[in-house]
>>> print(open('protein_12.cif').read())   # mmCIF, C-alpha atoms
data_work
loop_
_atom_site.label_atom_id
_atom_site.label_comp_id
_atom_site.auth_asym_id
_atom_site.auth_seq_id
_atom_site.Cartn_x
_atom_site.Cartn_y
_atom_site.Cartn_z
CA MET A 4 10.29 29.70 -12.91
CA ASN A 5 9.72 32.54 -15.41
CA ASN A 6 11.12 36.06 -15.25
CA ASN A 7 7.89 37.54 -13.87
CA GLU A 8 7.91 35.12 -10.95
CA LEU A 9 11.58 35.82 -10.27
CA LYS A 10 10.84 39.53 -10.26
CA THR A 11 7.92 38.99 -7.86
CA ILE A 12 10.17 37.01 -5.52
CA GLU A 13 12.82 39.71 -5.60
CA ASP A 14 10.22 42.37 -4.83
CA LEU A 15 8.78 40.37 -1.93
CA ILE A 16 12.22 39.72 -0.44
CA LYS A 17 12.96 43.45 -0.66
CA LYS A 18 9.65 44.23 1.06
CA ILE A 19 10.46 41.76 3.84
CA VAL A 20 13.84 43.37 4.36
CA ASP A 21 12.31 46.85 4.43
CA ASN A 22 9.35 45.87 6.59
CA PRO A 23 10.12 42.61 8.41
CA ASN A 24 6.93 42.74 10.50
CA ASN A 25 4.46 42.53 7.60
CA SER A 26 3.22 38.93 7.60
CA ASP A 27 1.46 39.20 4.22
CA ASN A 28 4.77 39.44 2.37
CA TYR A 29 6.02 36.25 4.00
CA LEU A 30 2.82 34.40 3.16
CA GLN A 31 2.90 35.52 -0.47
CA LEU A 32 6.54 34.52 -0.84
CA ALA A 33 6.00 31.10 0.75
CA ASN A 34 2.98 30.54 -1.49
CA ILE A 35 5.08 31.14 -4.61
CA TYR A 36 7.69 28.66 -3.40
CA LEU A 37 4.96 26.10 -2.73
CA LYS A 38 3.54 26.49 -6.22
CA GLU A 39 7.03 25.89 -7.60
CA GLY A 40 7.40 22.78 -5.46
CA ASN A 41 10.25 24.24 -3.44
CA ASN A 42 9.10 23.13 0.00
CA ASP A 43 12.40 23.77 1.73
CA LEU A 44 12.38 27.45 0.82
CA ALA A 45 8.73 27.69 1.84
CA ILE A 46 9.62 26.15 5.22
CA ASN A 47 12.34 28.77 5.73
CA VAL A 48 9.89 31.58 5.01
CA TYR A 49 7.18 30.21 7.32
CA GLU A 50 9.68 29.64 10.12
CA SER A 51 10.99 33.17 9.72
CA LEU A 52 7.45 34.48 10.03
CA LEU A 53 6.72 32.37 13.11
CA ASN A 54 9.88 33.65 14.80
CA PHE A 55 8.31 37.05 15.25
CA GLN A 56 4.62 36.09 14.93
CA PRO A 57 4.29 32.65 16.59
CA THR A 58 0.49 32.73 16.50
CA ASN A 59 0.08 33.21 12.76
CA PHE A 60 -2.56 30.61 11.92
CA LEU A 61 -1.80 30.31 8.20
CA ALA A 62 1.91 29.92 8.80
CA LEU A 63 1.33 27.23 11.42
CA THR A 64 -1.12 25.19 9.36
CA ASN A 65 0.68 25.56 6.03
CA LEU A 66 3.98 24.59 7.61
CA ALA A 67 2.27 21.66 9.34
CA ASN A 68 0.88 20.54 5.97
CA ILE A 69 4.36 20.60 4.45
CA TYR A 70 5.82 18.50 7.25
CA TYR A 71 2.88 16.08 6.98
CA TYR A 72 3.55 15.46 3.30
CA LYS A 73 7.24 15.11 4.09
CA ALA A 74 6.18 12.35 6.54
CA ASP A 75 7.62 14.29 9.48
CA TYR A 76 4.51 13.65 11.54
CA ILE A 77 5.91 14.74 14.90
CA LYS A 78 6.63 18.26 13.63
CA ALA A 79 3.28 18.34 11.87
CA ILE A 80 1.48 17.37 15.09
CA ASN A 81 3.29 20.05 17.09
CA LEU A 82 2.31 22.73 14.61
CA TYR A 83 -1.31 21.56 14.23
CA THR A 84 -1.61 21.45 18.01
CA ARG A 85 -0.39 25.03 18.27
CA ALA A 86 -2.98 26.00 15.66
CA THR A 87 -5.82 24.38 17.62
CA GLY A 88 -5.20 26.87 20.40
CA LEU A 89 -5.89 29.72 17.99
CA GLU A 90 -9.02 28.59 16.12
CA LEU A 91 -10.99 26.03 18.09
CA LYS A 92 -13.65 25.65 15.39
CA ASN A 93 -11.43 24.75 12.45
CA PHE A 94 -12.38 21.38 10.94
CA SER A 95 -9.26 20.96 8.80
CA VAL A 96 -6.84 21.35 11.70
CA TYR A 97 -8.45 18.59 13.77
CA TYR A 98 -8.91 16.39 10.71
CA ASN A 99 -5.26 16.78 9.70
CA LEU A 100 -4.13 16.30 13.29
CA GLY A 101 -6.08 13.05 13.36
CA ASN A 102 -4.43 11.97 10.12
CA ALA A 103 -0.96 12.68 11.50
CA TYR A 104 -1.64 10.64 14.64
CA ALA A 105 -3.08 7.85 12.48
CA GLU A 106 0.14 7.74 10.46
CA LEU A 107 2.02 7.18 13.71
CA GLY A 108 -0.38 4.41 14.73
CA GLU A 109 -1.69 6.42 17.68
CA PHE A 110 -5.29 5.20 17.62
CA LYS A 111 -6.67 7.09 20.65
CA GLN A 112 -5.18 10.45 19.72
CA ALA A 113 -6.25 10.08 16.10
CA MET A 114 -9.81 9.15 17.10
CA ALA A 115 -10.04 12.01 19.60
CA ASN A 116 -9.18 14.55 16.92
CA TYR A 117 -11.49 12.98 14.35
CA ILE A 118 -14.33 13.25 16.86
CA LYS A 119 -13.50 16.93 17.38
CA ALA A 120 -13.61 17.39 13.61
CA LEU A 121 -17.01 15.68 13.51
CA ASN A 122 -18.31 17.98 16.23
CA ILE A 123 -17.51 20.87 13.89
CA ASP A 124 -18.83 19.28 10.69
CA LYS A 125 -21.01 16.19 11.12
CA ASN A 126 -21.67 15.86 7.38
CA ASN A 127 -18.11 15.71 6.10
CA TYR A 128 -17.59 12.30 4.48
CA LEU A 129 -13.80 12.62 4.66
CA VAL A 130 -13.62 12.24 8.41
CA TYR A 131 -15.95 9.21 8.38
CA SER A 132 -13.67 7.62 5.79
CA ALA A 133 -10.65 8.45 7.92
CA ILE A 134 -12.22 6.86 11.01
CA ALA A 135 -13.15 3.81 8.95
CA MET A 136 -9.56 3.51 7.74
CA LEU A 137 -8.37 3.77 11.33
CA TYR A 138 -10.58 0.85 12.34
CA GLN A 139 -9.55 -1.04 9.21
CA ASP A 140 -5.88 -0.66 10.11
CA HIS A 141 -6.69 -2.16 13.51
CA LYS A 142 -8.62 -5.03 11.84
CA ASN A 143 -11.94 -3.96 13.34
CA TYR A 144 -13.74 -4.52 10.07
CA ASP A 145 -17.30 -4.22 11.39
CA GLU A 146 -16.68 -0.69 12.63
CA ALA A 147 -14.79 0.12 9.46
CA ILE A 148 -17.80 -0.93 7.41
CA ARG A 149 -20.12 1.17 9.55
CA TYR A 150 -18.10 4.34 9.00
CA TYR A 151 -17.43 3.67 5.31
CA GLU A 152 -21.18 3.21 4.83
CA LYS A 153 -21.76 6.56 6.52
CA ALA A 154 -19.20 8.20 4.23
CA LEU A 155 -20.92 6.62 1.23
CA SER A 156 -24.32 7.86 2.36
CA LEU A 157 -22.93 11.40 2.56
CA ASN A 158 -21.21 11.26 -0.82
CA SER A 159 -22.34 8.56 -3.24
CA SER A 160 -20.82 10.28 -6.27
CA LEU A 161 -17.23 9.24 -5.55
CA PRO A 162 -16.13 5.80 -6.82
CA GLU A 163 -13.51 5.56 -4.08
CA ASN A 164 -16.25 5.53 -1.43
CA TYR A 165 -17.55 2.32 -2.99
CA THR A 166 -14.10 0.76 -3.38
CA ASN A 167 -13.06 1.59 0.19
CA LEU A 168 -16.12 -0.23 1.50
CA ALA A 169 -15.68 -3.09 -0.96
CA LEU A 170 -12.08 -3.67 0.12
CA VAL A 171 -13.21 -4.23 3.71
CA TYR A 172 -15.85 -6.69 2.56
CA MET A 173 -13.05 -8.50 0.74
CA LYS A 174 -11.15 -8.69 4.04
CA LYS A 175 -14.24 -10.21 5.68
CA GLY A 176 -14.74 -12.67 2.85
CA VAL A 177 -18.09 -11.18 1.81
CA TYR A 178 -17.21 -11.38 -1.86
CA ASN A 179 -20.65 -10.95 -3.40
CA GLU A 180 -21.16 -7.59 -1.72
CA ALA A 181 -17.59 -6.58 -2.55
CA SER A 182 -18.09 -7.40 -6.22
CA ARG A 183 -21.36 -5.44 -6.28
CA LEU A 184 -19.66 -2.34 -4.89
CA PHE A 185 -16.63 -2.68 -7.14
CA GLN A 186 -18.95 -3.02 -10.12
CA ILE A 187 -20.66 0.27 -9.23
CA ALA A 188 -17.30 2.03 -8.97
CA SER A 189 -16.15 0.50 -12.24
CA ASP A 190 -19.36 1.56 -13.99
CA MET A 191 -18.79 5.11 -12.72
CA MET A 192 -15.25 5.15 -14.11
CA PRO A 193 -15.21 2.60 -16.95
CA ASP A 194 -11.70 3.58 -18.07
CA ASN A 195 -10.12 3.06 -14.66
CA LEU A 196 -8.11 -0.15 -14.97
CA LYS A 197 -7.58 -0.46 -11.23
CA TYR A 198 -11.32 -0.54 -10.59
CA ILE A 199 -11.83 -3.16 -13.29
CA LEU A 200 -9.08 -5.26 -11.68
CA TYR A 201 -10.69 -4.88 -8.24
CA CYS A 202 -13.98 -6.04 -9.72
CA ALA A 203 -12.42 -9.00 -11.52
CA ASN A 204 -10.66 -10.16 -8.35
CA ALA A 205 -13.89 -9.90 -6.34
CA TYR A 206 -15.87 -11.92 -8.89
CA SER A 207 -13.11 -14.53 -8.88
CA ALA A 208 -13.13 -14.70 -5.08
CA ALA A 209 -16.92 -15.18 -5.23
CA ASN A 210 -16.39 -18.06 -7.71
CA LYS A 211 -18.15 -16.09 -10.43
CA TYR A 212 -15.58 -17.04 -12.99
CA LEU A 213 -17.54 -16.15 -16.11
CA GLU A 214 -17.69 -12.54 -14.90
CA SER A 215 -14.10 -12.46 -13.63
CA ASN A 216 -12.59 -14.03 -16.75
CA ALA A 217 -14.48 -11.60 -18.97
CA LEU A 218 -13.10 -8.67 -16.98
CA PHE A 219 -9.53 -10.02 -16.98
CA GLU A 220 -9.72 -10.45 -20.75
CA LYS A 221 -11.13 -6.94 -21.06
CA LEU A 222 -8.23 -5.56 -19.02
CA LEU A 223 -5.61 -7.28 -21.13
CA LYS A 224 -7.32 -6.15 -24.30
CA ILE A 225 -7.20 -2.54 -23.08
CA ASP A 226 -3.61 -2.82 -21.87
CA SER A 227 -1.65 -5.89 -22.90
CA THR A 228 1.26 -4.80 -20.68
CA TYR A 229 -0.72 -4.62 -17.41
CA TYR A 230 1.53 -6.88 -15.31
CA GLN A 231 -0.68 -7.02 -12.21
CA ALA A 232 -3.66 -8.09 -14.32
CA TYR A 233 -1.66 -11.09 -15.56
CA ILE A 234 -0.70 -11.97 -12.00
CA CYS A 235 -4.29 -11.85 -10.73
CA TYR A 236 -5.65 -13.62 -13.81
CA GLY A 237 -3.13 -16.41 -13.36
CA ILE A 238 -4.16 -16.88 -9.73
CA SER A 239 -7.82 -17.04 -10.76
CA LEU A 240 -7.14 -19.53 -13.55
CA TYR A 241 -5.21 -21.76 -11.17
CA GLU A 242 -8.13 -21.69 -8.74
CA GLN A 243 -10.33 -22.78 -11.67
CA SER A 244 -7.92 -25.71 -12.25
CA LYS A 245 -7.03 -24.26 -15.65
CA ILE A 246 -3.37 -25.09 -15.14
CA ASP A 247 -2.11 -24.75 -18.70
CA MET A 248 -3.81 -21.38 -19.14
CA ALA A 249 -2.39 -20.14 -15.84
CA ILE A 250 1.12 -21.16 -16.88
CA GLU A 251 0.68 -19.39 -20.21
CA ILE A 252 -0.51 -16.22 -18.45
CA TYR A 253 2.49 -16.20 -16.09
CA GLU A 254 4.86 -16.75 -18.98
CA LYS A 255 3.34 -13.72 -20.71
CA ALA A 256 3.79 -11.71 -17.53
CA ILE A 257 7.47 -12.69 -17.48
CA GLN A 258 7.84 -11.58 -21.09
CA ILE A 259 6.31 -8.21 -20.24
CA ASN A 260 8.48 -7.62 -17.19
CA PRO A 261 11.24 -10.20 -16.66
CA ASN A 262 12.66 -8.17 -13.76
CA LEU A 263 9.76 -8.74 -11.36
CA ALA A 264 9.77 -11.83 -9.15
CA ASN A 265 6.03 -12.39 -8.61
CA ALA A 266 5.32 -14.32 -11.80
CA TYR A 267 8.35 -16.57 -11.27
CA ILE A 268 7.22 -17.50 -7.75
CA LEU A 269 3.63 -18.16 -8.80
CA LEU A 270 4.81 -20.16 -11.81
CA GLY A 271 7.06 -22.16 -9.50
CA ASN A 272 4.09 -22.84 -7.22
CA ILE A 273 2.10 -24.24 -10.14
CA TYR A 274 4.98 -26.49 -11.17
CA SER A 275 5.27 -27.72 -7.57
CA SER A 276 1.53 -28.45 -7.45
CA ILE A 277 1.79 -30.65 -10.56
CA GLN A 278 4.99 -32.26 -9.26
CA LYS A 279 7.32 -30.71 -11.82
CA TYR A 280 9.81 -29.88 -9.12
CA ASP A 281 12.81 -29.26 -11.36
CA ASP A 282 10.85 -26.60 -13.23
CA ALA A 283 9.68 -25.19 -9.91
CA VAL A 284 13.24 -24.89 -8.63
CA ASN A 285 14.31 -23.06 -11.78
CA SER A 286 11.48 -20.55 -11.36
CA TYR A 287 12.28 -19.99 -7.69
CA LYS A 288 15.98 -19.51 -8.47
CA LYS A 289 15.08 -16.76 -10.92
CA ALA A 290 12.94 -15.11 -8.26
CA ILE A 291 15.84 -15.26 -5.82
CA GLU A 292 18.13 -13.59 -8.35
CA LEU A 293 15.64 -10.74 -8.64
CA LYS A 294 14.75 -10.49 -4.93
CA PRO A 295 17.61 -12.00 -2.93
CA ALA A 296 16.12 -10.77 0.36
CA ASP A 297 12.74 -12.49 -0.18
CA ILE A 298 12.58 -15.33 2.33
CA ASN A 299 9.64 -17.04 0.63
CA ALA A 300 11.55 -17.97 -2.50
CA TYR A 301 14.23 -19.72 -0.40
CA ILE A 302 11.64 -21.65 1.61
CA LEU A 303 9.77 -22.69 -1.52
CA SER A 304 13.03 -23.80 -3.10
CA GLY A 305 13.81 -25.83 -0.01
CA ASN A 306 10.37 -27.44 -0.15
CA ALA A 307 10.84 -28.36 -3.81
CA TYR A 308 14.23 -29.90 -3.12
CA VAL A 309 12.70 -31.97 -0.32
CA MET A 310 10.22 -33.37 -2.82
CA LEU A 311 13.14 -34.10 -5.15
CA LYS A 312 14.78 -35.89 -2.21
CA ASP A 313 17.80 -33.60 -2.57
CA LEU A 314 18.08 -32.88 1.15
CA ARG A 315 21.51 -31.29 0.90
CA SER A 316 20.17 -28.57 -1.42
CA ALA A 317 17.03 -28.20 0.71
CA ILE A 318 19.17 -27.61 3.81
CA SER A 319 21.17 -24.97 1.96
CA TYR A 320 18.06 -23.00 0.98
CA TYR A 321 16.44 -23.28 4.40
CA LYS A 322 19.69 -22.06 5.95
CA GLN A 323 19.73 -19.04 3.65
CA ALA A 324 16.12 -18.31 4.65
CA ILE A 325 17.10 -18.45 8.33
CA ASP A 326 19.96 -16.05 7.66
CA ILE A 327 17.37 -13.57 6.35
CA GLU A 328 14.94 -14.15 9.22
CA PRO A 329 16.94 -15.53 12.17
CA ASP A 330 14.04 -15.25 14.65
CA ASN A 331 11.72 -17.51 12.66
CA ASP A 332 11.38 -20.46 15.07
CA GLU A 333 9.03 -22.40 12.80
CA LEU A 334 11.56 -22.27 9.99
CA LYS A 335 14.34 -23.34 12.34
CA LEU A 336 12.28 -26.37 13.35
CA ILE A 337 11.79 -27.38 9.71
CA TYR A 338 15.50 -26.88 9.11
CA LEU A 339 16.46 -29.10 12.06
CA GLU A 340 14.03 -31.82 10.96
CA ILE A 341 15.50 -31.88 7.46
CA VAL A 342 19.05 -31.87 8.84
CA GLN A 343 18.16 -34.83 11.08
CA GLU A 344 16.56 -36.65 8.16
CA PHE A 345 19.66 -36.00 6.06
CA ILE A 346 21.98 -37.34 8.78
CA MET A 347 19.86 -40.46 9.24
CA ALA A 348 19.75 -41.10 5.50
CA ARG A 349 23.52 -40.73 5.23
CA GLU A 350 24.06 -43.14 8.14
CA GLU A 351 21.74 -45.66 6.53
CA ASN A 352 23.66 -45.44 3.29
CA GLN A 353 26.97 -45.90 5.14
CA ASN A 354 25.64 -48.95 7.00
CA ALA A 355 24.29 -50.46 3.81
CA ALA A 356 27.70 -50.02 2.19
#
>>> encode(input="protein_12.cif", output="structure tokens")
Amino acid sequence: MNNNELKTIEDLIKKIVDNPNNSDNYLQLANIYLKEGNNDLAINVYESLLNFQPTNFLALTNLANIYYYKADYIKAINLYTRATGLELKNFSVYYNLGNAYAELGEFKQAMANYIKALNIDKNNYLVYSAIAMLYQDHKNYDEAIRYYEKALSLNSSLPENYTNLALVYMKKGVYNEASRLFQIASDMMPDNLKYILYCANAYSAANKYLESNALFEKLLKIDSTYYQAYICYGISLYEQSKIDMAIEIYEKAIQINPNLANAYILLGNIYSSIQKYDDAVNSYKKAIELKPADINAYILSGNAYVMLKDLRSAISYYKQAIDIEPDNDELKLIYLEIVQEFIMAREENQNAA
């Protein structure tokens, strides 16, 4: 904060002290704090203003916005709701109120406010996207597609409107349409690595491996440290039965970031699939070191030890997985089966002796 801004703040505070009923001074002061990223001071100013002017629309909505971005959705909802009683025709208030309810998973309340926003502005693509996302979160993909398509028809210049729709088609397994939409978004923003990755994954899912491999190679040529690209490329190569190439890709991913567990787990899965269980166990152990609370690595280790016929070690890893997720009945059943198998094998060995 420079000297001029400090002087402005001092002058505004003095004006507030001299004339505490002038709302403009509060709003100007809060706005400066917001620009500086000092939300807590802005909150104090807005709350001071609302103490004597509880119907100040700007104070209510700006304060609600702050609480929304602080993820305090209950306070945001209370403030937005107060604002709706002041300006019944304000699109942003109902749209933001819908967003706050959506964050809380309150489908009906979110939808009701989105509909009110639409009644004010039927051609705003943002609210159609928000409704689509609401349906997507509730796994109603057909309705999500319908609203995303409406948003796209209202604004076809935004790449994200294509990717939002494409991601739902991916959920439905309609990979050709997803890849088409991702390709449009990628063509619109050719330097956006995320869009290229989306497109590559969609082509791979559609079994269009020439296209997907070319895009994965393009990504790694642009950024040889793009960890997620290695992960996705490795998965695609494995699906193409290019085992050695997939292993090489995962090993490169580990070199780039040895502190992330994903590549170790996926590498372990490949080793398990080709019956190199000792190598698989070593990979899973490294993943456990990095993410000791990840239940999957313990289960996979247990599975590998079963294949190695080392039931004692398998039991140990399944037990550690149960300790992480004690309500997993399926895992408990596997554990009990392996324990029973271990006991029977030990008894057979004792009888044979």
>>> resolve_selection(input="protein_12.cif", expression="the PyMOL selection byres ((chain A and resi 126-129) around 10)", output="PyMOL selection string")
chain A and resi 94+98+117+120-125+130-135+150-159+164
>>> resolve_selection(input="protein_12.cif", expression="the PyMOL selection byres ((chain A and resi 275-281) around 8)", output="CSV table (one decimal) with C-alpha atoms, in the frame of the given file")
chain,number,residue,atom,x,y,z
A,271,GLY,CA,7.1,-22.2,-9.5
A,272,ASN,CA,4.1,-22.8,-7.2
A,273,ILE,CA,2.1,-24.2,-10.1
A,274,TYR,CA,5.0,-26.5,-11.2
A,282,ASP,CA,10.8,-26.6,-13.2
A,283,ALA,CA,9.7,-25.2,-9.9
A,284,VAL,CA,13.2,-24.9,-8.6
A,285,ASN,CA,14.3,-23.1,-11.8
A,307,ALA,CA,10.8,-28.4,-3.8
A,308,TYR,CA,14.2,-29.9,-3.1
A,310,MET,CA,10.2,-33.4,-2.8
A,311,LEU,CA,13.1,-34.1,-5.2
>>> closest_residue(input="protein_12.cif", among="A:Ala205, A:Ile327, A:Ala266, A:Ala317", to="Ile341 of chain A", atoms="all atoms listed in the file")
A:Ala317
>>> residues_around(input="protein_12.cif", residues="segment 10-18 of chain A", least_positions_apart="3", cutoff="7 Å", atoms="all atoms listed in the file", output="ChimeraX atom specification")
/A:6-7,21-22,28,32
>>> residues_around(input="protein_12.cif", residues="Lys78 of chain A", least_positions_apart="4", cutoff="10 Å", atoms="only C-alpha atoms", output="compact mmCIF listing (two decimals) with C-alpha atoms, keeping the file's coordinate frame")
# COMPACT_ATOMS: atom_id res chain seq x y z
CA LEU A 66 3.98 24.59 7.61
CA ALA A 67 2.27 21.66 9.34
CA ASN A 68 0.88 20.54 5.97
CA ILE A 69 4.36 20.60 4.45
CA TYR A 70 5.82 18.50 7.25
CA TYR A 71 2.88 16.08 6.98
CA ALA A 74 6.18 12.35 6.54
CA LEU A 82 2.31 22.73 14.61
CA TYR A 83 -1.31 21.56 14.23
CA THR A 84 -1.61 21.45 18.01
CA ALA A 103 -0.96 12.68 11.50
>>> residues_around(input="protein_12.cif", residues="Gln323 of chain A", least_positions_apart="6", cutoff="12 Å", atoms="all atoms listed in the file", output="ChimeraX atom specification")
/A:291,295-305,316-317,329,334-335,338
>>> resolve_selection(input="protein_12.cif", expression="the PyMOL selection byres ((chain A and resi 255) around 12)", output="JSON list (two decimals) with C-alpha atoms, keeping the file's coordinate frame")
[["chain", "number", "residue", "atom", "x", "y", "z"],
["A", 223, "LEU", "CA", -5.61, -7.28, -21.13],
["A", 227, "SER", "CA", -1.65, -5.89, -22.90],
["A", 228, "THR", "CA", 1.26, -4.80, -20.68],
["A", 229, "TYR", "CA", -0.72, -4.62, -17.41],
["A", 230, "TYR", "CA", 1.53, -6.88, -15.31],
["A", 231, "GLN", "CA", -0.68, -7.02, -12.21],
["A", 232, "ALA", "CA", -3.66, -8.09, -14.32],
["A", 233, "TYR", "CA", -1.66, -11.09, -15.56],
["A", 234, "ILE", "CA", -0.70, -11.97, -12.00],
["A", 236, "TYR", "CA", -5.65, -13.62, -13.81],
["A", 237, "GLY", "CA", -3.13, -16.41, -13.36],
["A", 248, "MET", "CA", -3.81, -21.38, -19.14],
["A", 249, "ALA", "CA", -2.39, -20.14, -15.84],
["A", 250, "ILE", "CA", 1.12, -21.16, -16.88],
["A", 251, "GLU", "CA", 0.68, -19.39, -20.21],
["A", 252, "ILE", "CA", -0.51, -16.22, -18.45],
["A", 253, "TYR", "CA", 2.49, -16.20, -16.09],
["A", 254, "GLU", "CA", 4.86, -16.75, -18.98],
["A", 256, "ALA", "CA", 3.79, -11.71, -17.53],
["A", 257, "ILE", "CA", 7.47, -12.69, -17.48],
["A", 258, "GLN", "CA", 7.84, -11.58, -21.09],
["A", 259, "ILE", "CA", 6.31, -8.21, -20.24],
["A", 260, "ASN", "CA", 8.48, -7.62, -17.19],
["A", 261, "PRO", "CA", 11.24, -10.20, -16.66],
["A", 266, "ALA", "CA", 5.32, -14.32, -11.80],
["A", 267, "TYR", "CA", 8.35, -16.57, -11.27],
["A", 270, "LEU", "CA", 4.81, -20.16, -11.81]]
>>> closest_residue(input="protein_12.cif", among="A:Glu163, A:Glu351, A:Glu328, A:Asp43", to="Asn195 of chain A", atoms="all atoms listed in the file")
A:Glu163
>>> atom_distance(input="protein_12.cif", atom1="atom CA of Val171 of chain A", atom2="atom CA of Leu184 of chain A")
10.9 Å
>>> atom_distance(input="protein_12.cif", atom1="atom CA of Leu263 of chain A", atom2="atom CA of Glu214 of chain A")
27.9 Å
>>> residues_around(input="protein_12.cif", residues="Ile199 of chain A", least_positions_apart="4", cutoff="12 Å", atoms="all atoms listed in the file", output="short mmCIF file (atom, residue, chain, number, x, y, z; two decimals) with C-alpha atoms, in the frame of the given file")
data_model
loop_
_atom_site.label_atom_id
_atom_site.label_comp_id
_atom_site.auth_asym_id
_atom_site.auth_seq_id
_atom_site.Cartn_x
_atom_site.Cartn_y
_atom_site.Cartn_z
CA PRO A 162 -16.13 5.80 -6.82
CA THR A 166 -14.10 0.76 -3.38
CA SER A 182 -18.09 -7.40 -6.22
CA LEU A 184 -19.66 -2.34 -4.89
CA PHE A 185 -16.63 -2.68 -7.14
CA GLN A 186 -18.95 -3.02 -10.12
CA ILE A 187 -20.66 0.27 -9.23
CA ALA A 188 -17.30 2.03 -8.97
CA SER A 189 -16.15 0.50 -12.24
CA ASP A 190 -19.36 1.56 -13.99
CA MET A 191 -18.79 5.11 -12.72
CA MET A 192 -15.25 5.15 -14.11
CA PRO A 193 -15.21 2.60 -16.95
CA ASP A 194 -11.70 3.58 -18.07
CA ASN A 195 -10.12 3.06 -14.66
CA ALA A 203 -12.42 -9.00 -11.52
CA ASN A 204 -10.66 -10.16 -8.35
CA ALA A 205 -13.89 -9.90 -6.34
CA TYR A 206 -15.87 -11.92 -8.89
CA GLU A 214 -17.69 -12.54 -14.90
CA SER A 215 -14.10 -12.46 -13.63
CA ASN A 216 -12.59 -14.03 -16.75
CA ALA A 217 -14.48 -11.60 -18.97
CA LEU A 218 -13.10 -8.67 -16.98
CA PHE A 219 -9.53 -10.02 -16.98
CA GLU A 220 -9.72 -10.45 -20.75
CA LYS A 221 -11.13 -6.94 -21.06
CA LEU A 222 -8.23 -5.56 -19.02
CA LEU A 223 -5.61 -7.28 -21.13
CA ILE A 225 -7.20 -2.54 -23.08
CA ASP A 226 -3.61 -2.82 -21.87
CA TYR A 229 -0.72 -4.62 -17.41
CA GLN A 231 -0.68 -7.02 -12.21
CA ALA A 232 -3.66 -8.09 -14.32
CA CYS A 235 -4.29 -11.85 -10.73
#
>>> atom_distance(input="protein_12.cif", atom1="atom CA of Leu30 of chain A", atom2="atom CA of Asn42 of chain A")
13.3 Å
>>> build_atoms(input="protein_12.cif", residues="segment 45-56 of chain A", atoms="N, CA and C atoms", output="JSON list (two decimals), in the frame of the given file")
[["chain", "number", "residue", "atom", "x", "y", "z"],
["A", 45, "ALA", "N", 9.98, 27.31, 1.20],
["A", 45, "ALA", "CA", 8.73, 27.69, 1.84],
["A", 45, "ALA", "C", 8.82, 27.50, 3.35],
["A", 46, "ILE", "N", 9.43, 26.40, 3.78],
["A", 46, "ILE", "CA", 9.62, 26.15, 5.22],
["A", 46, "ILE", "C", 10.43, 27.28, 5.85],
["A", 47, "ASN", "N", 11.51, 27.69, 5.19],
["A", 47, "ASN", "CA", 12.34, 28.77, 5.73],
["A", 47, "ASN", "C", 11.54, 30.05, 5.91],
["A", 48, "VAL", "N", 10.68, 30.35, 4.94],
["A", 48, "VAL", "CA", 9.89, 31.58, 5.01],
["A", 48, "VAL", "C", 8.88, 31.49, 6.15],
["A", 49, "TYR", "N", 8.17, 30.37, 6.24],
["A", 49, "TYR", "CA", 7.18, 30.21, 7.32],
["A", 49, "TYR", "C", 7.84, 30.25, 8.70],
["A", 50, "GLU", "N", 8.98, 29.62, 8.83],
["A", 50, "GLU", "CA", 9.68, 29.64, 10.12],
["A", 50, "GLU", "C", 10.16, 31.04, 10.48],
["A", 51, "SER", "N", 10.60, 31.79, 9.47],
["A", 51, "SER", "CA", 10.99, 33.17, 9.72],
["A", 51, "SER", "C", 9.80, 33.99, 10.21],
["A", 52, "LEU", "N", 8.66, 33.77, 9.61],
["A", 52, "LEU", "CA", 7.45, 34.48, 10.03],
["A", 52, "LEU", "C", 7.05, 34.11, 11.45],
["A", 53, "LEU", "N", 7.12, 32.83, 11.77],
["A", 53, "LEU", "CA", 6.72, 32.37, 13.11],
["A", 53, "LEU", "C", 7.69, 32.83, 14.19],
["A", 54, "ASN", "N", 8.91, 33.15, 13.81],
["A", 54, "ASN", "CA", 9.88, 33.65, 14.80],
["A", 54, "ASN", "C", 9.41, 34.94, 15.45],
["A", 55, "PHE", "N", 8.76, 35.80, 14.66],
["A", 55, "PHE", "CA", 8.31, 37.05, 15.25],
["A", 55, "PHE", "C", 6.78, 37.09, 15.41],
["A", 56, "GLN", "N", 6.09, 36.13, 14.79],
["A", 56, "GLN", "CA", 4.62, 36.09, 14.93],
["A", 56, "GLN", "C", 4.21, 34.63, 15.15]]
